[in-house]
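Below is the file work.txt, which contains compact mmCIF, C-alpha atoms.
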# COMPACT_ATOMS: atom_id res chain seq x y z
CA MET A 24 -10.90 -3.19 33.32
CA LEU A 25 -9.87 -0.91 30.51
CA LYS A 26 -12.59 -0.65 27.92
CA TYR A 27 -10.20 0.53 25.24
CA ARG A 28 -6.66 -0.68 24.87
CA MET A 29 -4.04 1.60 23.39
CA THR A 30 -2.30 -0.26 20.61
CA SER A 31 1.28 0.44 19.89
CA SER A 32 0.74 -0.09 16.18
CA LEU A 33 -1.91 0.19 13.52
CA ASP A 34 -2.29 -3.60 13.42
CA GLY A 35 -5.77 -3.39 14.90
CA TYR A 36 -6.94 -1.16 12.04
CA MET A 37 -5.91 -3.60 9.30
CA ASN A 38 -8.62 -4.10 6.67
CA ARG A 39 -10.89 -1.71 8.56
CA VAL A 40 -12.29 1.58 7.37
CA THR A 41 -9.72 4.12 8.49
CA THR A 42 -9.47 7.89 8.29
CA VAL A 43 -6.20 9.68 7.71
CA ILE A 44 -5.76 13.39 8.26
CA THR A 45 -2.81 14.54 6.23
CA GLY A 46 -0.31 17.29 6.89
CA ASP A 47 -1.96 19.49 4.30
CA GLY A 48 -5.29 19.25 6.12
CA ARG A 49 -7.09 16.74 3.91
CA THR A 50 -9.31 13.99 5.27
CA ILE A 51 -8.96 10.68 3.45
CA VAL A 52 -11.09 7.65 4.28
CA GLY A 53 -10.34 4.14 3.03
CA LEU A 54 -9.60 0.51 3.88
CA LEU A 55 -6.22 0.14 5.60
CA LYS A 56 -4.31 -2.49 3.59
CA GLY A 57 -0.86 -1.93 5.04
CA PHE A 58 1.63 0.33 6.74
CA ASP A 59 5.28 0.36 7.80
CA GLN A 60 7.49 1.79 10.53
CA LEU A 61 7.53 5.19 8.85
CA ILE A 62 3.69 5.23 8.87
CA ASN A 63 3.61 5.09 5.10
CA ILE A 64 0.01 3.97 4.63
CA ILE A 65 -1.87 2.03 1.97
CA LEU A 66 -5.54 2.89 1.63
CA GLU A 67 -7.75 0.90 -0.70
CA ASP A 68 -10.89 2.41 -2.21
CA ALA A 69 -9.89 5.75 -0.72
CA HIS A 70 -12.15 8.79 -0.75
CA GLU A 71 -11.42 12.36 0.20
CA ARG A 72 -14.02 14.21 2.22
CA VAL A 73 -13.97 17.86 1.24
CA TYR A 74 -15.62 20.03 3.86
CA SER A 75 -17.22 23.35 3.06
CA GLU A 76 -19.12 26.01 5.03
CA THR A 77 -21.55 26.67 2.19
CA ALA A 78 -22.32 23.19 0.86
CA GLY A 79 -22.50 19.61 2.08
CA VAL A 80 -19.46 17.36 2.26
CA GLU A 81 -18.15 16.43 -1.17
CA THR A 82 -16.81 12.89 -1.44
CA VAL A 83 -14.09 12.54 -4.06
CA PRO A 84 -13.13 8.99 -5.05
CA LEU A 85 -9.35 8.51 -5.15
CA GLY A 86 -8.81 4.75 -5.51
CA LEU A 87 -5.66 3.05 -4.27
CA TYR A 88 -3.37 5.40 -2.38
CA ILE A 89 0.05 5.23 -0.78
CA ILE A 90 0.35 8.12 1.64
CA ARG A 91 3.91 8.91 2.66
CA GLY A 92 4.43 8.86 6.43
CA ASP A 93 5.82 12.41 6.42
CA ASN A 94 2.38 13.56 5.33
CA VAL A 95 0.35 11.70 7.96
CA ALA A 96 -0.90 13.67 10.96
CA ILE A 97 -3.65 11.48 12.40
CA VAL A 98 -4.86 7.94 11.76
CA GLY A 99 -8.21 6.93 13.19
CA GLU A 100 -10.45 3.88 13.05
CA VAL A 101 -13.93 4.62 11.71
CA ASP A 102 -16.95 3.25 13.52
CA GLU A 103 -18.84 2.20 10.40
CA GLU A 104 -22.19 2.01 12.21
CA ILE A 105 -21.99 5.63 13.31
CA ASP A 106 -20.40 6.77 10.06
CA LYS A 107 -23.25 5.28 8.03
CA ARG A 108 -25.75 7.33 10.02
CA ILE A 109 -24.06 10.64 9.14
CA ASP A 110 -25.87 12.46 6.35
CA LEU A 111 -22.76 13.93 4.73
CA ASP A 112 -24.78 15.86 2.14
CA ASN A 113 -26.12 18.05 4.92
CA VAL A 114 -22.97 18.42 6.98
CA LYS A 115 -21.43 21.87 6.73
CA ALA A 116 -18.08 22.51 8.34
CA SER A 117 -15.08 24.68 7.70
CA PRO A 118 -12.23 22.83 6.07
CA LEU A 119 -9.19 22.01 8.15
CA ALA A 120 -6.21 24.33 7.78
CA PRO A 121 -2.90 22.69 6.89
CA ILE A 122 -1.43 21.01 9.96
CA TRP A 123 2.08 21.81 8.88
CA ILE A 124 3.12 25.19 7.56
CA PRO A 125 3.74 24.56 3.88
CA GLY A 126 7.46 24.69 3.23
CA MET B 24 -0.47 -7.18 5.31
CA VAL B 25 0.99 -5.41 2.32
CA LEU B 26 3.99 -3.17 2.89
CA PRO B 27 3.72 0.19 1.14
CA LEU B 28 7.09 -0.24 -0.53
CA SER B 29 6.22 -3.77 -1.74
CA LEU B 30 3.09 -2.35 -3.28
CA LEU B 31 5.13 0.36 -4.97
CA ARG B 32 7.57 -2.22 -6.31
CA THR B 33 4.67 -4.24 -7.70
CA ALA B 34 3.38 -1.11 -9.40
CA GLN B 35 6.43 -1.05 -11.67
CA ASN B 36 5.46 -0.53 -15.32
CA HIS B 37 2.05 0.72 -14.23
CA PRO B 38 0.80 4.27 -14.61
CA MET B 39 0.66 6.37 -11.48
CA LEU B 40 0.22 9.84 -10.12
CA VAL B 41 2.74 11.28 -7.70
CA GLU B 42 1.96 14.43 -5.73
CA LEU B 43 4.89 16.22 -4.15
CA LYS B 44 4.84 18.16 -0.90
CA ASN B 45 4.92 21.39 -2.91
CA GLY B 46 1.67 20.44 -4.67
CA GLU B 47 3.14 19.62 -8.08
CA THR B 48 1.94 16.38 -9.62
CA TYR B 49 3.66 14.00 -11.99
CA ASN B 50 1.71 11.46 -14.04
CA GLY B 51 3.73 8.72 -15.63
CA HIS B 52 4.71 5.08 -15.83
CA LEU B 53 6.82 3.80 -12.96
CA GLN B 54 10.13 2.65 -14.34
CA ALA B 55 11.94 1.89 -11.07
CA CYS B 56 11.80 2.60 -7.36
CA ASP B 57 13.88 1.86 -4.25
CA THR B 58 13.52 1.52 -0.50
CA TRP B 59 13.67 5.30 -0.02
CA MET B 60 10.62 5.69 -2.28
CA ASN B 61 12.78 7.43 -4.88
CA VAL B 62 10.91 6.89 -8.14
CA HIS B 63 11.86 6.96 -11.79
CA LEU B 64 8.93 7.78 -14.09
CA ARG B 65 8.70 7.71 -17.87
CA ASP B 66 6.39 9.58 -20.28
CA VAL B 67 5.47 12.12 -17.64
CA ILE B 68 2.90 14.87 -17.57
CA TYR B 69 3.79 17.51 -15.01
CA THR B 70 1.06 19.69 -13.52
CA SER B 71 1.89 22.79 -11.48
CA LYS B 72 0.44 23.37 -8.00
CA ASP B 73 -2.46 25.49 -9.26
CA GLY B 74 -3.12 23.23 -12.22
CA ASP B 75 -2.45 26.03 -14.67
CA LYS B 76 0.73 24.73 -16.26
CA PHE B 77 1.25 21.36 -17.95
CA TYR B 78 4.48 20.03 -19.36
CA LYS B 79 5.26 16.78 -21.09
CA ILE B 80 8.58 15.34 -19.88
CA PRO B 81 10.17 12.11 -21.25
CA GLU B 82 11.42 11.01 -17.83
CA VAL B 83 11.85 12.26 -14.28
CA TYR B 84 13.58 10.99 -11.16
CA ILE B 85 11.88 12.04 -7.92
CA ARG B 86 13.50 11.96 -4.50
CA GLY B 87 11.28 9.94 -2.16
CA SER B 88 11.39 12.45 0.68
CA THR B 89 9.63 15.08 -1.47
CA ILE B 90 6.56 12.89 -2.08
CA LYS B 91 3.23 13.53 -0.39
CA TYR B 92 1.34 10.57 -1.82
CA LEU B 93 1.13 8.18 -4.76
CA ARG B 94 -2.04 7.14 -6.52
CA ILE B 95 -1.78 3.77 -8.26
CA PRO B 96 -4.20 1.56 -10.23
CA ASP B 97 -6.66 -0.43 -8.08
CA THR B 98 -5.58 -3.73 -9.64
CA VAL B 99 -2.07 -3.53 -8.17
CA VAL B 100 -3.16 -4.66 -4.65
CA ASP B 101 -4.28 -7.98 -6.09
CA LEU B 102 -1.01 -8.37 -7.98
CA VAL B 103 1.09 -7.82 -4.87
CA LYS B 104 -0.62 -10.69 -3.03
CA ASN B 105 0.18 -13.06 -5.89
CA GLU B 106 3.74 -11.82 -5.96
CA VAL B 107 4.22 -12.35 -2.22
CA ASN B 108 2.81 -15.88 -2.49
CA GLU B 109 5.07 -16.61 -5.45
CA VAL B 110 8.16 -15.49 -3.53
CA ARG B 111 7.15 -17.61 -0.50
CA ARG B 112 6.64 -20.64 -2.76
CA GLN B 113 10.04 -20.20 -4.36
CA GLN B 114 11.73 -19.86 -0.96
CA LYS B 115 9.99 -23.03 0.20
CA ASP B 116 11.11 -24.90 -2.91
CA GLN B 117 14.68 -23.76 -2.38
CA GLN B 118 14.66 -24.90 1.23
CA ARG B 119 13.19 -28.23 0.25
CA SER B 120 15.89 -28.87 -2.34
CA ARG B 121 18.66 -27.83 0.07
CA LYS B 122 17.57 -29.90 3.07
CA PRO B 123 18.02 -33.68 3.02
CA MET B 124 14.67 -35.41 2.99
CA GLY B 125 13.16 -36.76 6.20
CA ARG B 126 12.46 -40.42 6.68
CA GLY B 127 10.25 -41.85 4.00
CA GLY B 128 9.31 -38.46 2.57
CA GLY B 129 9.95 -37.06 -0.88
CA PRO B 130 11.37 -38.70 -3.93
CA HIS B 131 13.63 -41.65 -3.36
CA ARG B 132 17.21 -40.51 -3.71
CA GLY B 133 20.36 -42.61 -4.03
CA GLY B 134 20.15 -46.30 -3.29
CA ARG B 135 19.72 -48.70 -6.13
CA GLY B 136 17.48 -46.32 -7.99
CA GLY B 137 15.14 -47.56 -10.67
CA SER B 138 11.53 -46.55 -10.99
CA ALA B 139 10.26 -49.67 -9.23
CA ALA B 140 12.07 -48.88 -5.97
CA PRO B 141 9.46 -48.72 -3.20
CA ARG B 142 9.20 -45.39 -1.45
CA GLY B 143 10.60 -45.18 2.03
CA GLY B 144 11.24 -48.88 2.13
CA GLY B 145 13.37 -50.46 4.84
CA ARG B 146 13.82 -47.81 7.52
CA GLY B 147 10.77 -45.86 6.41
CA ARG B 148 7.76 -44.96 8.49
CA GLY B 149 6.13 -48.38 8.17
CA LYS B 150 3.01 -49.55 9.95
Render the structure in this file as structure tokens.
Amino acid sequence: MLKYRMTSSLDGYMNRVTTVITGDGRTIVGLLKGFDQLINIILEDAHERVYSETAGVETVPLGLYIIRGDNVAIVGEVDEEIDKRIDLDNVKASPLAPIWIPG
Amino acid sequence: MVLPLSLLRTAQNHPMLVELKNGETYNGHLQACDTWMNVHLRDVIYTSKDGDKFYKIPEVYIRGSTIKYLRIPDTVVDLVKNEVNEVRRQQKDQQRSRKPMGRGGGPHRGGRGGSAAPRGGGRGRGK
């Protein structure tokens, strides 16, 4: 039996904490409230996680966001149990480079 | 589920921030939008990519394909649910008034009329 099933849509992520990595290399975490065929995405209570090599992760509150599908690189479901255990203040990591070469 | 473009439509007359793919941002009130995410904003403050230039612009029209994201007030998600329900209710009402009523259901139409007419009498769903 398959433990994980590949879904052909984001339906399974609805109203779950979801992370979106955007084309410009940002990481945005929020509740998935909706999406469409173009992967335009609605995130409620969104936060950006700003990574840095010299300081802990900075969490910037953004609120309600519509991210245009063109700008979405990766959508992932967050395991809230594991996520809660991460001490973001003490996580140091280099920020992601833009996924797409800025036009 | 809320569709992103329904949410945008509900956000009409609300303030919002639009960031373009080139990093410029436009703050203004949403006047109109369409299914391509083209947006018409009024009373706009433009901010350049590096945040060093600010311009006040009475109105702008932005092509949807140039948008990176939109930031809208938190309260708009709650409004959209009400709006969707309202539309569904109206559609239901329209259907109900178009379709002839089933046996015994709904207000008594035709016949002898008069307020004392028993509902669904005669051929109705009697015991």
Neighbour list for B:Ala34 as a PyMOL selection string, cut-off 12 Å, only C-alpha atoms, skip fewer than 5 positions in-chain: (chain A and resi 87-89) or (chain B and resi 27-29+39-40+51-56+62-64+93-103+106)
message: Which residue is closest to A:Ala78? Choose from A:Ile124, A:Ser117, A:Phe58, A:Met37 and count only C-alpha atoms.
response: A:Ser117
task: Tell me, as an MDAnalysis selection string, which residues lie within 12 Å of A:Asp106, counting only C-alpha atoms; anything in the same chain fewer than 4 positions away does not count.
output: chainID A and resid 40:42 52 100:102 110:111
task: Counting all atoms listed in the file, collect the residues of chain A whose closest atom lies at most 7 Å from chain B, and write them out as a PyMOL selection string.
output: chain A and resi 56-59+63-65+86-91+94
- request: Work out how far apart atom CA of A:Pro121 and atom CA of A:Gly35 are and give it in Å to one decimal.
  value: 27.4 Å
Write out as an mmCIF file with C-alpha atoms, keeping the file's coordinate frame which residues come within 7 Å of B:Ser71 when counting all atoms listed in the file, dropping same-chain ones fewer than 5 positions away.
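Just written: selection_12.cif:
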data_model
loop_
_atom_site.group_PDB
_atom_site.id
_atom_site.type_symbol
_atom_site.label_atom_id
_atom_site.label_comp_id
_atom_site.auth_asym_id
_atom_site.auth_seq_id
_atom_site.Cartn_x
_atom_site.Cartn_y
_atom_site.Cartn_z
ATOM 1 C CA GLU B 47 3.140 19.620 -8.080
ATOM 2 C CA THR B 48 1.940 16.380 -9.620
ATOM 3 C CA LYS B 76 0.730 24.730 -16.260
ATOM 4 C CA PHE B 77 1.250 21.360 -17.950
#
- request: Find, counting only C-alpha atoms, the residue in B:Lys115, B:Arg65, B:Asp73, B:Tyr49 that gets nearest to B:His37.
  value: B:Arg65
Residues within 8 Å of A:Arg72, all atoms listed in the file, excluding chain neighbours under 2 positions, as a ChimeraX atom specification: /A:49-52,70,74,80-83
